[in-house]
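Participant: Supplied structure: work-v8.txt, compact mmCIF, C-alpha atoms.
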```txt
# COMPACT_ATOMS: atom_id res chain seq x y z
CA PRO A 1 39.00 -6.00 -14.29
CA ASP A 2 37.24 -8.09 -11.64
CA ASN A 3 34.17 -5.82 -11.26
CA ASN A 4 31.20 -8.12 -10.67
CA SER A 5 32.58 -11.53 -9.71
CA PHE A 6 30.38 -13.07 -7.04
CA VAL A 7 28.45 -16.23 -6.22
CA THR A 8 24.86 -16.34 -5.01
CA LEU A 9 23.83 -19.28 -2.83
CA ILE A 10 20.19 -19.75 -1.85
CA THR A 11 18.62 -22.65 -0.03
CA SER A 12 14.93 -23.06 0.68
CA TRP A 13 12.69 -25.64 2.29
CA GLN A 14 8.87 -25.59 2.05
CA ARG A 15 6.17 -27.89 3.35
CA TYR A 16 2.41 -27.92 2.92
CA GLN A 17 0.74 -30.23 5.43
CA PRO A 18 -3.01 -30.90 5.30
CA VAL A 19 -4.60 -30.87 8.75
CA PRO A 20 -8.12 -32.36 8.81
CA VAL A 21 -10.29 -30.67 11.44
CA LYS A 22 -13.80 -31.72 12.38
CA LEU A 23 -15.94 -28.89 13.74
CA PHE A 24 -19.70 -28.90 14.31
CA GLY A 25 -19.98 -32.16 12.38
CA HIS A 26 -18.19 -30.77 9.30
CA ARG A 27 -14.72 -31.67 8.09
CA PHE A 28 -12.38 -28.85 7.12
CA ASP A 29 -9.02 -29.33 5.46
CA ILE A 30 -6.76 -26.68 6.93
CA THR A 31 -3.32 -26.38 5.37
CA PHE A 32 -0.27 -25.75 7.53
CA ALA A 33 2.34 -24.14 5.27
CA SER A 34 5.92 -23.51 6.35
CA ARG A 35 9.10 -22.23 4.75
CA VAL A 36 12.71 -21.57 5.69
CA LYS A 37 14.93 -19.69 3.24
CA ALA A 38 18.50 -18.47 3.51
CA GLY A 39 20.83 -16.86 1.03
CA GLY A 40 24.27 -15.39 0.73
CA LEU A 41 26.27 -13.41 -1.81
CA PHE A 42 30.01 -14.01 -1.79
CA GLU A 43 32.52 -11.91 -3.72
CA LEU A 44 35.27 -13.56 -5.71
CA GLY A 45 38.47 -11.58 -5.91
CA GLN A 46 39.21 -8.14 -4.52
CA ALA A 47 36.39 -6.13 -6.13
CA LYS A 48 33.41 -5.29 -3.91
CA ASN A 49 30.97 -4.22 -6.61
CA ILE A 50 27.85 -6.35 -6.34
CA PRO A 51 25.11 -4.58 -8.32
CA LEU A 52 22.20 -3.24 -6.23
CA THR A 53 19.78 -5.35 -8.28
CA GLU A 54 21.57 -8.53 -7.16
CA LEU A 55 21.46 -7.82 -3.41
CA PHE A 56 18.84 -9.42 -1.14
CA TYR A 57 15.84 -7.38 -0.01
CA ALA A 58 13.08 -8.35 2.42
CA GLY A 59 9.80 -7.05 3.66
CA GLY A 60 6.55 -7.23 1.77
CA ALA A 61 3.88 -9.56 0.46
CA ASN A 62 6.14 -12.58 -0.04
CA THR A 63 8.70 -12.29 2.76
CA VAL A 64 7.95 -10.59 6.11
CA ARG A 65 4.44 -9.17 5.77
CA GLY A 66 4.55 -6.71 8.68
CA PHE A 67 6.92 -4.58 6.59
CA GLN A 68 6.36 -2.54 3.45
CA GLU A 69 7.96 -3.87 0.25
CA GLN A 70 11.74 -4.06 0.58
CA LEU A 71 11.93 -1.98 3.78
CA LEU A 72 13.43 -4.63 6.06
CA GLY A 73 17.18 -4.61 6.55
CA PRO A 74 19.92 -1.99 6.41
CA ALA A 75 18.74 1.51 5.57
CA ALA A 76 20.00 3.48 2.57
CA ALA A 77 17.86 6.55 3.30
CA LEU A 78 15.87 7.90 6.25
CA ASP A 79 13.21 10.59 6.36
CA SER A 80 13.33 13.62 8.68
CA LEU A 81 11.80 11.55 11.50
CA GLY A 82 14.46 8.85 11.24
CA HIS A 83 12.22 6.30 9.52
CA ILE A 84 13.58 4.12 6.73
CA THR A 85 12.45 5.18 3.24
CA LEU A 86 14.90 3.15 1.14
CA ALA A 87 16.64 -0.13 1.92
CA ALA A 88 20.29 -0.72 1.10
CA GLY A 89 19.87 -4.43 0.48
CA GLY A 90 22.31 -6.96 1.79
CA LYS A 91 24.52 -9.93 1.11
CA LEU A 92 22.80 -12.25 3.59
CA LEU A 93 19.12 -13.18 3.91
CA TYR A 94 17.15 -15.28 6.38
CA LEU A 95 13.39 -15.92 6.21
CA SER A 96 11.08 -18.27 8.05
CA ASN A 97 7.31 -18.35 7.64
CA VAL A 98 4.45 -20.41 9.05
CA GLU A 99 0.87 -20.03 7.89
CA LEU A 100 -2.50 -21.66 8.46
CA ARG A 101 -4.79 -21.59 5.40
CA ILE A 102 -8.37 -22.12 6.51
CA PRO A 103 -11.29 -22.66 4.11
CA LEU A 104 -14.08 -20.20 5.00
CA PHE A 105 -16.73 -20.24 2.30
CA TRP A 106 -16.81 -21.42 -1.32
CA LEU A 107 -13.44 -20.26 -2.76
CA LEU A 108 -12.54 -17.93 0.12
CA PHE A 109 -9.72 -18.83 2.53
CA GLY A 110 -8.58 -17.20 5.75
CA GLU A 111 -4.89 -17.03 6.67
CA ALA A 112 -3.09 -16.63 9.97
CA PHE A 113 0.68 -16.28 9.79
CA VAL A 114 3.95 -15.52 11.53
CA ASP A 115 6.90 -14.29 9.46
CA VAL A 116 10.49 -14.00 10.69
CA GLY A 117 13.61 -12.69 8.97
CA ASN A 118 16.06 -9.99 8.05
CA VAL A 119 18.77 -8.93 5.60
CA TRP A 120 22.33 -8.10 6.60
CA ARG A 121 24.82 -6.04 4.62
CA GLU A 122 27.89 -8.13 5.60
CA THR A 123 28.55 -11.43 7.41
CA GLN A 124 30.06 -9.63 10.42
CA ASP A 125 26.80 -7.66 10.82
CA ILE A 126 24.71 -10.71 11.76
CA ARG A 127 23.17 -10.57 15.23
CA LEU A 128 20.31 -12.80 16.39
CA SER A 129 18.75 -9.73 18.00
CA ASP A 130 18.28 -8.31 14.47
CA ILE A 131 15.74 -11.00 13.57
CA ARG A 132 12.41 -9.26 13.01
CA ILE A 133 9.02 -10.89 13.61
CA SER A 134 5.58 -10.06 12.31
CA ALA A 135 2.23 -11.80 12.64
CA GLY A 136 -1.01 -11.28 10.84
CA ILE A 137 -4.12 -12.42 9.08
CA GLY A 138 -5.36 -12.42 5.54
CA LEU A 139 -8.04 -13.44 3.07
CA ALA A 140 -7.42 -15.30 -0.18
CA LEU A 141 -9.91 -15.78 -3.01
CA ILE A 142 -9.14 -18.66 -5.36
CA THR A 143 -9.53 -17.51 -8.98
CA PRO A 144 -8.80 -19.25 -12.31
CA LEU A 145 -5.48 -17.34 -12.38
CA GLY A 146 -4.56 -18.36 -8.84
CA PRO A 147 -5.23 -16.98 -5.37
CA VAL A 148 -5.69 -13.23 -4.95
CA ARG A 149 -5.03 -12.25 -1.37
CA LEU A 150 -5.12 -9.34 1.04
CA ASP A 151 -2.81 -9.67 4.04
CA TYR A 152 -2.36 -7.56 7.15
CA GLY A 153 0.91 -7.95 9.08
CA TYR A 154 1.81 -6.38 12.41
CA LYS A 155 5.42 -5.99 13.58
CA LEU A 156 5.95 -7.80 16.88
CA THR A 157 9.48 -6.34 16.96
CA HIS A 158 8.70 -2.73 16.05
CA ARG A 159 11.69 -0.35 16.16
CA PRO A 160 11.96 3.45 15.89
CA ILE A 161 13.42 3.20 12.36
CA ASP A 162 10.22 1.51 11.10
CA PRO A 163 7.87 3.96 9.35
CA THR A 164 4.74 2.11 10.55
CA PRO A 165 3.87 -0.63 13.05
CA ASP A 166 2.10 -2.65 10.35
CA ALA A 167 1.49 -3.16 6.64
CA PHE A 168 -1.26 -4.23 4.23
CA HIS A 169 -0.41 -6.23 1.10
CA LEU A 170 -2.38 -7.19 -1.96
CA GLY A 171 -0.86 -10.19 -3.70
CA ILE A 172 -1.37 -12.81 -6.34
CA TYR A 173 -0.64 -16.43 -5.34
CA PHE A 174 0.10 -17.47 -1.81
CA ALA A 175 3.13 -15.87 -0.13
CA PHE A 176 5.10 -19.11 -0.56
```
Give the structure from the file, written as structure tokens.
Facilitator:
Amino acid sequence: PDNNSFVTLITSWQRYQPVPVKLFGHRFDITFASRVKAGGLFELGQAKNIPLTELFYAGGANTVRGFQEQLLGPAAALDSLGHITLAAGGKLLYLSNVELRIPLFWLLFGEAFVDVGNVWRETQDIRLSDIRISAGIGLALITPLGPVRLDYGYKLTHRPIDPTPDAFHLGIYFAF
């Protein structure tokens, strides 16, 4: 039978642009990082059985940082207050991120970012008003294994289904 026949298409664009800034007689090399990513899952045949592990999820340290891990998009479960506790995942994904990485001291960097995106269950569910936005700041320490960072994101498009207005994330490597 045609149980799991589907195609995954993902496209992504990233850019890291050095921005030299002179302040108080010192030169700083700020990095302007940006990313746009989109993806879609498309079923082949009549079966509609895409495994949950293959669906797109968003929210968290590497996508939209104002949201807890994988809690952006359609809800699979809500708590007694109507807040999302489990995401359903989706067949369509859109992400866009911009970030300034600012050297502070020695191997410590500051970050300021804006993240945009969402996940939709089906193509007909897409509405521009569903795009969620978060902004935040973070610190990154460059280690021999790569950057270790702590980010704080705040939802600029907070909705009643969201369990919190913000999120903290501890991550390894930069978000993108």
Participant: Around the point (3.0, -14.0, -8.3) (coordinates from the file), which residues reach within 12 Å if we count only C-alpha atoms? Answer as JSON, numbers by chain.
Facilitator: {"A": [61, 62, 145, 146, 147, 148, 149, 170, 171, 172, 173, 174, 175, 176]}
Participant: Need the shell around stretch 113-117 of chain A: protein/DNA/RNA residues with any atom at most 6 Å away, counting only C-alpha atoms. Skip same-chain ones fewer than 4 positions apart. Format as number ranges by chain?
Facilitator: A: 64, 94-99, 131-136
Participant: Could you check which of A:Ile10, A:Leu150, A:Ala77, A:Val19 is closest to A:Leu100, using only C-alpha atoms?
Facilitator: A:Val19
Participant: Excluding stretch 37-46 of chain A and any residue of its chain fewer than 2 positions from it, enumerate the residues within 6 Å of it, using all atoms listed in the file, and give them as a count of residues only.
Facilitator: 13
Participant: Hey, can you check how far atom CA of A:Lys22 sits from atom CA of A:Tyr152?
Facilitator: 27.2 Å
Participant: One decimal, Å: what's the distance from atom CA of A:Arg15 over to atom CA of A:Ser129, could you say?
Facilitator: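 Here the two named atoms are 26.5 Å from each other.
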Participant: When you draw a straight line from atom CA of A:His83 to atom CA of A:Pro160, how long is it in Å?
Facilitator: 7.0 Å
Participant: Provide an axis-aligned box for all listed atoms of stretch 7-23 of chain A, padding each side by 5 Å; report its centre and its edge lengths in Å to one decimal, as lines of an AutoDock Vina configuration file.
Facilitator:
```
center_x = 6.3
center_y = -24.3
center_z = 3.8
size_x = 54.4
size_y = 26.1
size_z = 30.0
```
Participant: Taking only C-alpha atoms into account, produce a table as a Markdown table in which each residue of stretch 61-155 of chain A with an atom at most 12 Å from an atom of stretch 25-28 of chain A appears once, together with its shortest atom pair and the distance in Å to one decimal, ordered by chain and rising number.
Facilitator:
```
| residue | atom | partner | partner_atom | distance |
| --- | --- | --- | --- | --- |
| A:Arg101 | CA | A:Phe28 | CA | 10.6 |
| A:Ile102 | CA | A:Phe28 | CA | 7.9 |
| A:Pro103 | CA | A:Phe28 | CA | 7.0 |
| A:Leu104 | CA | A:Phe28 | CA | 9.1 |
| A:Phe105 | CA | A:Phe28 | CA | 10.8 |
| A:Phe109 | CA | A:Phe28 | CA | 11.3 |
```
Participant: Rank A:Pro18, A:Gly138, A:Gly73, A:Gly60 by their smallest atom-to-atom distance to A:Arg159, using all atoms listed in the file, and report the top residue only.
Facilitator: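 Nearest to A:Arg159: A:Gly73.
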Participant: Please complete stretch 78-89 of chain A so it has all heavy atoms, and hand it over as an mmCIF file, keeping the file's coordinate frame.
Facilitator:
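Okay, this is what ended up in result-v7.cif:
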```
data_model
loop_
_atom_site.group_PDB
_atom_site.id
_atom_site.type_symbol
_atom_site.label_atom_id
_atom_site.label_comp_id
_atom_site.auth_asym_id
_atom_site.auth_seq_id
_atom_site.Cartn_x
_atom_site.Cartn_y
_atom_site.Cartn_z
ATOM 1 N N LEU A 78 16.835 7.678 5.172
ATOM 2 C CA LEU A 78 15.870 7.900 6.250
ATOM 3 C C LEU A 78 15.156 9.218 6.010
ATOM 4 O O LEU A 78 15.732 10.148 5.427
ATOM 5 C CB LEU A 78 16.578 7.955 7.608
ATOM 6 C CG LEU A 78 17.386 6.726 8.024
ATOM 7 C CD1 LEU A 78 18.138 7.007 9.318
ATOM 8 C CD2 LEU A 78 16.484 5.518 8.189
ATOM 9 N N ASP A 79 13.912 9.312 6.472
ATOM 10 C CA ASP A 79 13.210 10.590 6.360
ATOM 11 C C ASP A 79 13.592 11.488 7.540
ATOM 12 O O ASP A 79 14.432 11.127 8.367
ATOM 13 C CB ASP A 79 11.686 10.368 6.249
ATOM 14 C CG ASP A 79 11.052 9.772 7.500
ATOM 15 O OD1 ASP A 79 11.714 9.737 8.572
ATOM 16 O OD2 ASP A 79 9.895 9.330 7.419
ATOM 17 N N SER A 80 12.968 12.655 7.632
ATOM 18 C CA SER A 80 13.330 13.620 8.680
ATOM 19 C C SER A 80 12.994 13.132 10.087
ATOM 20 O O SER A 80 13.518 13.650 11.059
ATOM 21 C CB SER A 80 12.622 14.955 8.412
ATOM 22 O OG SER A 80 11.219 14.769 8.446
ATOM 23 N N LEU A 81 12.146 12.108 10.198
ATOM 24 C CA LEU A 81 11.800 11.550 11.500
ATOM 25 C C LEU A 81 12.669 10.346 11.865
ATOM 26 O O LEU A 81 12.480 9.729 12.903
ATOM 27 C CB LEU A 81 10.322 11.128 11.512
ATOM 28 C CG LEU A 81 9.311 12.248 11.275
ATOM 29 C CD1 LEU A 81 7.905 11.689 11.166
ATOM 30 C CD2 LEU A 81 9.397 13.279 12.391
ATOM 31 N N GLY A 82 13.592 9.986 10.979
ATOM 32 C CA GLY A 82 14.460 8.850 11.240
ATOM 33 C C GLY A 82 13.882 7.508 10.836
ATOM 34 O O GLY A 82 14.358 6.467 11.263
ATOM 35 N N HIS A 83 12.826 7.533 10.004
ATOM 36 C CA HIS A 83 12.220 6.300 9.520
ATOM 37 C C HIS A 83 12.827 5.903 8.184
ATOM 38 O O HIS A 83 13.085 6.758 7.331
ATOM 39 C CB HIS A 83 10.703 6.467 9.334
ATOM 40 C CG HIS A 83 9.991 6.786 10.599
ATOM 41 N ND1 HIS A 83 8.935 7.660 10.649
ATOM 42 C CD2 HIS A 83 10.168 6.357 11.871
ATOM 43 C CE1 HIS A 83 8.491 7.755 11.876
ATOM 44 N NE2 HIS A 83 9.233 6.968 12.655
ATOM 45 N N ILE A 84 12.998 4.614 7.977
ATOM 46 C CA ILE A 84 13.580 4.120 6.730
ATOM 47 C C ILE A 84 12.654 4.409 5.548
ATOM 48 O O ILE A 84 11.440 4.219 5.632
ATOM 49 C CB ILE A 84 13.905 2.607 6.838
ATOM 50 C CG1 ILE A 84 14.634 2.120 5.584
ATOM 51 C CG2 ILE A 84 12.659 1.792 7.105
ATOM 52 C CD1 ILE A 84 15.161 0.697 5.696
ATOM 53 N N THR A 85 13.215 4.923 4.471
ATOM 54 C CA THR A 85 12.450 5.180 3.240
ATOM 55 C C THR A 85 13.010 4.391 2.065
ATOM 56 O O THR A 85 12.347 4.246 1.049
ATOM 57 C CB THR A 85 12.445 6.673 2.878
ATOM 58 O OG1 THR A 85 13.800 7.104 2.699
ATOM 59 C CG2 THR A 85 11.758 7.499 3.943
ATOM 60 N N LEU A 86 14.257 3.915 2.204
ATOM 61 C CA LEU A 86 14.900 3.150 1.140
ATOM 62 C C LEU A 86 15.865 2.165 1.776
ATOM 63 O O LEU A 86 16.667 2.542 2.623
ATOM 64 C CB LEU A 86 15.660 4.089 0.192
ATOM 65 C CG LEU A 86 16.380 3.444 -0.984
ATOM 66 C CD1 LEU A 86 15.385 2.836 -1.966
ATOM 67 C CD2 LEU A 86 17.244 4.478 -1.692
ATOM 68 N N ALA A 87 15.752 0.897 1.376
ATOM 69 C CA ALA A 87 16.640 -0.130 1.920
ATOM 70 C C ALA A 87 17.917 -0.209 1.104
ATOM 71 O O ALA A 87 17.918 0.035 -0.100
ATOM 72 C CB ALA A 87 15.934 -1.472 1.941
ATOM 73 N N ALA A 88 19.001 -0.573 1.760
ATOM 74 C CA ALA A 88 20.290 -0.720 1.100
ATOM 75 C C ALA A 88 20.479 -2.094 0.492
ATOM 76 O O ALA A 88 21.348 -2.301 -0.326
ATOM 77 C CB ALA A 88 21.418 -0.437 2.095
ATOM 78 N N GLY A 89 19.652 -3.054 0.916
ATOM 79 C CA GLY A 89 19.870 -4.430 0.480
ATOM 80 C C GLY A 89 21.018 -5.030 1.256
ATOM 81 O O GLY A 89 21.681 -4.363 2.051
#
```
